[in-house]
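data_15.txt (compact mmCIF, C-alpha atoms) appears below.
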# COMPACT_ATOMS: atom_id res chain seq x y z
CA MET A 5 62.49 -37.42 73.68
CA PHE A 6 64.38 -38.19 76.91
CA ILE A 7 63.91 -40.25 80.06
CA ARG A 8 65.20 -38.94 83.41
CA LYS A 9 67.47 -41.46 85.10
CA GLY A 10 68.83 -40.38 88.43
CA ARG A 11 70.56 -37.07 87.95
CA GLY A 12 70.96 -37.60 84.21
CA LEU A 13 68.96 -38.14 81.04
CA MET A 14 68.82 -40.96 78.55
CA ILE A 15 67.26 -40.91 75.14
CA SER A 16 63.81 -42.48 74.89
CA PRO A 17 62.70 -44.95 72.21
CA SER A 18 60.77 -42.11 70.54
CA GLY A 19 63.85 -39.93 70.79
CA THR A 20 65.94 -42.62 69.09
CA VAL A 21 63.49 -42.73 66.17
CA PHE A 22 63.45 -38.90 65.99
CA LEU A 23 67.26 -38.83 65.99
CA GLU A 24 67.39 -41.23 63.04
CA TYR A 25 65.06 -39.01 61.05
CA SER A 26 67.00 -35.90 62.07
CA ASN A 27 70.22 -37.44 60.78
CA LYS A 28 68.52 -38.34 57.50
CA ILE A 29 67.21 -34.78 57.12
CA LEU A 30 70.63 -33.28 57.78
CA SER A 31 72.18 -35.71 55.31
CA LEU A 32 69.63 -34.75 52.64
CA CYS A 33 70.33 -31.06 53.31
CA ASP A 34 74.02 -31.65 52.66
CA GLU A 35 73.19 -33.62 49.52
CA ALA A 36 70.92 -30.81 48.31
CA LYS A 37 73.68 -28.26 48.86
CA ARG A 38 76.09 -30.40 46.86
CA ALA A 39 73.53 -30.85 44.08
CA ILE A 40 73.05 -27.12 43.57
CA SER A 41 76.70 -26.26 43.98
CA PRO A 42 78.24 -24.80 40.82
CA HIS A 43 80.99 -27.38 41.21
CA ALA A 44 78.67 -30.39 41.56
CA ALA A 45 78.18 -32.80 38.66
CA PRO A 46 74.70 -32.47 37.05
CA SER A 47 72.16 -34.85 38.57
CA GLY A 48 68.44 -35.22 39.20
CA LYS A 49 65.60 -34.69 36.72
CA LEU A 50 65.78 -32.57 33.57
CA SER A 51 62.56 -31.86 31.64
CA ILE A 52 63.25 -30.62 28.12
CA GLY A 53 60.86 -29.86 25.27
CA ALA A 54 61.45 -29.10 21.60
CA ILE A 55 59.69 -28.41 18.34
CA GLU A 56 59.54 -31.51 16.16
CA SER A 57 62.11 -30.31 13.63
CA SER A 58 64.80 -30.19 16.34
CA ALA A 59 63.61 -33.44 17.88
CA THR A 60 63.82 -35.14 14.49
CA SER A 61 67.15 -33.88 13.22
CA ARG A 62 69.48 -32.61 15.95
CA LEU A 63 68.44 -33.93 19.34
CA PRO A 64 68.77 -37.73 19.07
CA LYS A 65 72.57 -37.47 18.79
CA LEU A 66 72.71 -34.70 21.40
CA LEU A 67 70.59 -36.56 23.96
CA THR A 68 72.70 -39.68 23.53
CA ALA A 69 75.90 -37.71 24.15
CA TYR A 70 74.35 -35.95 27.16
CA HIS A 71 73.23 -39.21 28.77
CA ARG A 72 76.68 -40.68 28.24
CA GLN A 73 78.39 -37.69 29.86
CA TYR A 74 75.86 -37.15 32.67
CA PRO A 75 74.37 -40.55 33.58
CA SER A 76 73.04 -39.24 36.92
CA VAL A 77 70.55 -36.99 35.11
CA LYS A 78 67.12 -38.43 34.36
CA ILE A 79 65.90 -36.76 31.16
CA GLU A 80 62.19 -36.29 30.43
CA PHE A 81 61.74 -35.19 26.81
CA SER A 82 58.65 -34.07 24.89
CA THR A 83 57.69 -32.30 21.66
CA ASN A 84 55.03 -29.69 21.00
CA THR A 85 54.35 -26.45 19.15
CA TRP A 86 56.53 -23.48 20.07
CA LYS A 87 53.64 -21.68 21.77
CA GLN A 88 52.76 -24.66 23.96
CA LEU A 89 56.41 -25.19 24.84
CA GLU A 90 56.75 -21.54 25.83
CA SER A 91 53.69 -21.86 28.07
CA ALA A 92 55.07 -25.02 29.71
CA VAL A 93 58.37 -23.28 30.54
CA ILE A 94 56.52 -20.27 31.99
CA LYS A 95 54.54 -22.64 34.25
CA HIS A 96 57.71 -24.54 35.30
CA GLU A 97 56.36 -27.70 33.65
CA LEU A 98 59.57 -27.80 31.60
CA ASP A 99 63.09 -26.79 32.65
CA GLY A 100 63.79 -25.56 29.14
CA ALA A 101 62.73 -25.85 25.51
CA ILE A 102 63.97 -25.38 21.96
CA ILE A 103 61.75 -23.20 19.77
CA ALA A 104 62.10 -21.46 16.41
CA VAL A 105 60.57 -18.13 17.42
CA LYS A 106 62.31 -15.59 19.65
CA SER A 107 60.38 -15.32 22.89
CA HIS A 108 59.82 -11.89 24.39
CA HIS A 109 57.94 -13.08 27.47
CA PRO A 110 59.17 -11.18 30.55
CA ASP A 111 59.48 -14.38 32.63
CA LEU A 112 61.82 -16.13 30.21
CA HIS A 113 65.45 -16.11 29.20
CA CYS A 114 65.84 -16.67 25.46
CA GLU A 115 69.20 -17.50 23.89
CA GLU A 116 69.91 -18.18 20.22
CA ILE A 117 71.56 -21.58 19.80
CA TYR A 118 71.75 -22.23 16.06
CA GLN A 119 70.23 -21.46 12.67
CA GLU A 120 68.36 -23.97 10.50
CA GLU A 121 68.93 -23.71 6.76
CA LEU A 122 65.77 -24.31 4.73
CA VAL A 123 65.32 -26.81 1.91
CA LEU A 124 62.37 -27.08 -0.45
CA ILE A 125 61.69 -30.78 -0.96
CA ALA A 126 59.81 -32.51 -3.75
CA SER A 127 59.48 -35.92 -5.32
CA SER A 128 62.45 -36.90 -7.46
CA ALA A 129 59.90 -37.72 -10.17
CA TYR A 130 59.06 -34.01 -10.54
CA ASP A 131 60.82 -31.73 -12.98
CA GLU A 132 63.48 -29.57 -11.36
CA ILE A 133 62.08 -26.77 -9.23
CA THR A 134 63.80 -23.53 -10.26
CA SER A 135 61.61 -20.81 -8.70
CA ALA A 136 58.42 -20.14 -6.78
CA ASP A 137 56.56 -20.32 -10.10
CA SER A 138 57.48 -24.01 -10.29
CA LEU A 139 55.09 -24.65 -7.36
CA VAL A 140 51.99 -23.58 -9.27
CA GLY A 141 49.63 -26.52 -9.59
CA LYS A 142 51.42 -28.57 -6.90
CA ASN A 143 50.14 -29.48 -3.45
CA ILE A 144 52.06 -27.92 -0.58
CA TYR A 145 52.20 -29.63 2.80
CA MET A 146 53.29 -27.64 5.85
CA TRP A 147 52.83 -27.48 9.59
CA PRO A 148 49.74 -25.51 10.74
CA GLU A 149 49.65 -21.71 10.80
CA GLY A 150 52.08 -20.11 13.23
CA CYS A 151 54.96 -22.38 12.23
CA PRO A 152 57.97 -20.16 11.32
CA TYR A 153 58.94 -22.50 8.47
CA ARG A 154 55.47 -22.18 6.99
CA ASN A 155 55.64 -18.40 7.41
CA ALA A 156 58.94 -18.34 5.49
CA LEU A 157 57.43 -20.28 2.58
CA GLU A 158 54.27 -18.18 2.47
CA ASP A 159 56.29 -14.94 2.54
CA TRP A 160 58.42 -16.19 -0.38
CA LEU A 161 55.32 -17.12 -2.40
CA SER A 162 53.71 -13.77 -1.63
CA GLU A 163 56.81 -11.81 -2.65
CA SER A 164 56.95 -13.86 -5.87
CA GLN A 165 53.22 -13.19 -6.45
CA VAL A 166 52.50 -16.90 -6.54
CA SER A 167 49.23 -18.15 -5.03
CA VAL A 168 49.26 -21.79 -3.98
CA PRO A 169 47.02 -23.34 -1.28
CA VAL A 170 48.82 -24.91 1.70
CA THR A 171 47.60 -28.09 3.41
CA SER A 172 48.28 -28.29 7.15
CA MET A 173 49.95 -31.41 8.54
CA ALA A 174 51.35 -31.56 12.08
CA SER A 175 53.87 -34.33 11.43
CA TYR A 176 57.14 -34.36 9.53
CA GLY A 177 56.77 -38.09 9.04
CA THR A 178 53.45 -37.61 7.24
CA ILE A 179 54.73 -34.63 5.24
CA LEU A 180 57.82 -36.52 4.06
CA GLY A 181 55.73 -39.58 3.24
CA CYS A 182 53.42 -37.50 1.03
CA VAL A 183 56.35 -35.77 -0.69
CA SER A 184 58.26 -38.99 -1.40
CA ALA A 185 55.08 -40.52 -2.82
CA GLY A 186 54.84 -37.65 -5.32
CA ALA A 187 51.81 -36.00 -3.70
CA GLY A 188 53.34 -32.56 -3.31
CA VAL A 189 56.16 -30.39 -1.95
CA SER A 190 57.20 -28.89 1.39
CA LEU A 191 59.77 -26.63 3.06
CA VAL A 192 61.76 -28.25 5.86
CA PRO A 193 64.92 -27.62 7.89
CA LYS A 194 68.03 -28.95 6.16
CA GLY A 195 68.65 -31.37 9.02
CA VAL A 196 65.28 -33.03 8.47
CA PHE A 197 65.97 -33.33 4.73
CA GLU A 198 69.45 -34.80 5.31
CA GLN A 199 68.00 -37.43 7.63
CA PHE A 200 65.12 -38.50 5.44
CA LYS A 201 66.57 -38.20 1.95
CA LEU A 202 68.13 -41.62 2.47
CA ILE A 203 64.70 -43.24 2.12
CA GLY A 204 64.84 -42.16 -1.54
CA GLY A 205 62.41 -40.39 -3.80
CA ILE A 206 63.09 -36.90 -2.40
CA SER A 207 65.02 -34.04 -3.98
CA GLY A 208 66.03 -30.85 -2.18
CA TYR A 209 66.34 -27.29 -3.47
CA SER A 210 67.75 -24.18 -1.81
CA PHE A 211 66.76 -20.62 -2.70
CA GLU A 212 68.49 -17.44 -1.55
CA PRO A 213 65.28 -15.68 -0.42
CA LEU A 214 64.54 -18.56 1.99
CA LYS A 215 66.75 -17.39 4.83
CA PRO A 216 67.82 -19.68 7.71
CA ILE A 217 65.49 -19.76 10.69
CA ARG A 218 66.97 -18.98 14.11
CA ASN A 219 66.34 -21.50 16.89
CA TYR A 220 66.36 -20.54 20.55
CA PHE A 221 66.64 -22.18 23.95
CA ILE A 222 64.28 -20.77 26.57
CA TRP A 223 64.13 -21.22 30.35
CA ASN A 224 62.35 -19.54 33.24
CA LYS A 225 64.16 -16.66 34.91
CA GLU A 226 63.06 -17.93 38.33
CA THR A 227 64.77 -21.28 37.87
CA GLY A 228 68.05 -20.13 39.40
CA HIS A 229 71.09 -22.40 39.27
CA HIS A 230 70.23 -25.69 37.53
CA SER A 231 73.39 -27.62 36.70
CA ALA A 232 71.62 -30.21 34.51
CA LYS A 233 69.90 -27.53 32.42
CA ASP A 234 73.06 -25.42 32.20
CA ALA A 235 75.08 -28.44 31.02
CA PHE A 236 72.43 -29.20 28.38
CA LEU A 237 72.56 -25.65 27.04
CA GLU A 238 76.36 -25.68 26.91
CA MET A 239 76.33 -28.98 25.05
CA ILE A 240 73.88 -27.62 22.47
CA LYS A 241 76.09 -24.62 21.80
CA SER A 242 79.24 -26.76 21.57
CA GLU A 243 77.59 -29.12 19.05
CA VAL A 244 76.76 -26.35 16.57

Kindly return the structure encoded in the file as C-alpha cells.
Amino acid sequence: MFIRKGRGLMISPSGTVFLEYSNKILSLCDEAKRAISPHAAPSGKLSIGAIESSATSRLPKLLTAYHRQYPSVKIEFSTNTWKQLESAVIKHELDGAIIAVKSHHPDLHCEEIYQEELVLIASSAYDEITSADSLVGKNIYMWPEGCPYRNALEDWLSESQVSVPVTSMASYGTILGCVSAGAGVSLVPKGVFEQFKLIGGISGYSFEPLKPIRNYFIWNKETGHHSAKDAFLEMIKSEV
C-alpha cells in the first residue's frame, strides 16, 4: 500500500487504487444509510404482487400515481393466485402483495386495506336476475377453487339450495368475454364490473347475502424498514 521514501512513506500505485475503492465503499455506505433512513425519500426496487381482480380494477391508477410521486422507485409488478403470492412474500421474492384472504402465516404481517363489493354479472340479453333461482340452467364462470369470490357465490347457492355447475376460468378477460357474449354469468368485484361494463352487453346485480370481500396487504416480518413498500401501503390506504 505504501512505499518507504527516506524517513517517510508515500502511497504506492496499488495503494492509490485501493484508496479509490475505499472511498467508493464509504460513499455507498453513506448512501445506504440515507436510503433506509425514515426521513429519506423512497428509492430503489419495489416488487409488488396482486390477485388479478385488484390488478384489473384498482392498481393501474394507483401505480401511475405512485410512479409520479416516487420516480426514484423501480416497480416490478406481477399477478398470481393468493396462495402463490403468499408463498412469494414468505420467500422474500416479493416485498408485498395484495390478496383477498386473511393470511395467518407466522412470518407475515397482514393488514386489511379495503373491501370489494360483489356484483353478479350476466348478459344484458338475459331476463333480469332476481335471486339464486334465476341461475338455474345458466352456465357459471368463475376462477378455480380456492378463489374467495367463487367461495362466496357457492355459499350463496348452497344456502339457497340451488345446484348449478361452475366452470373454472383463470382470467377475468375470458370470463367477461363469455358473459358479454351471452354464454353465462359470473360473480366479480364491483371495480371489475365498473371497468368492463363500458364494453356493453353486461348487466350487474347486487344481492344482500353476497357480502363484500376483504382485501389485505401482506409483507414479511423480517423485511424491516422499507420506505418504498411503506409508501405504497400508505398510498393504498389513502386511495380507499

Excluding same-chain residues fewer than 5 positions from region 140-155 of chain A, what lies within 6 Å of it counting all atoms listed in the file, as a ChimeraX atom specification? /A:170-174,188-190

Would you mind listing what lies within 12 Å of region 69-73 of chain A as a VMD selection string, with all atoms listed in the file counted and same-chain residues fewer than 5 positions away left out? chain A and resid 45 to 47 49 to 50 62 to 64 78 to 80 232 to 240 242 to 243

Let me make sure I understand: among A:Ile52, A:Leu214, A:Ile29, A:Ala44, which one has the smallest atom-to-atom distance to Ser164 (chain A) if we use only C-alpha atoms? A:Leu214

Identify which of the residues A:Val93, A:Ala101, A:Ala156, A:Val196 lies closest to Ile125 (chain A), counting only C-alpha atoms when measuring atom-to-atom distances. A:Val196

Between CA of Asp131 (chain A) and CA of Thr60 (chain A), measure the distance and give it in Å to one decimal. 27.8 Å

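Nearest to Leu98 (chain A) of all the residues A:Lys194, A:Ser51, A:Lys65, A:Val123 is A:Ser51, counting all atoms listed in the file.
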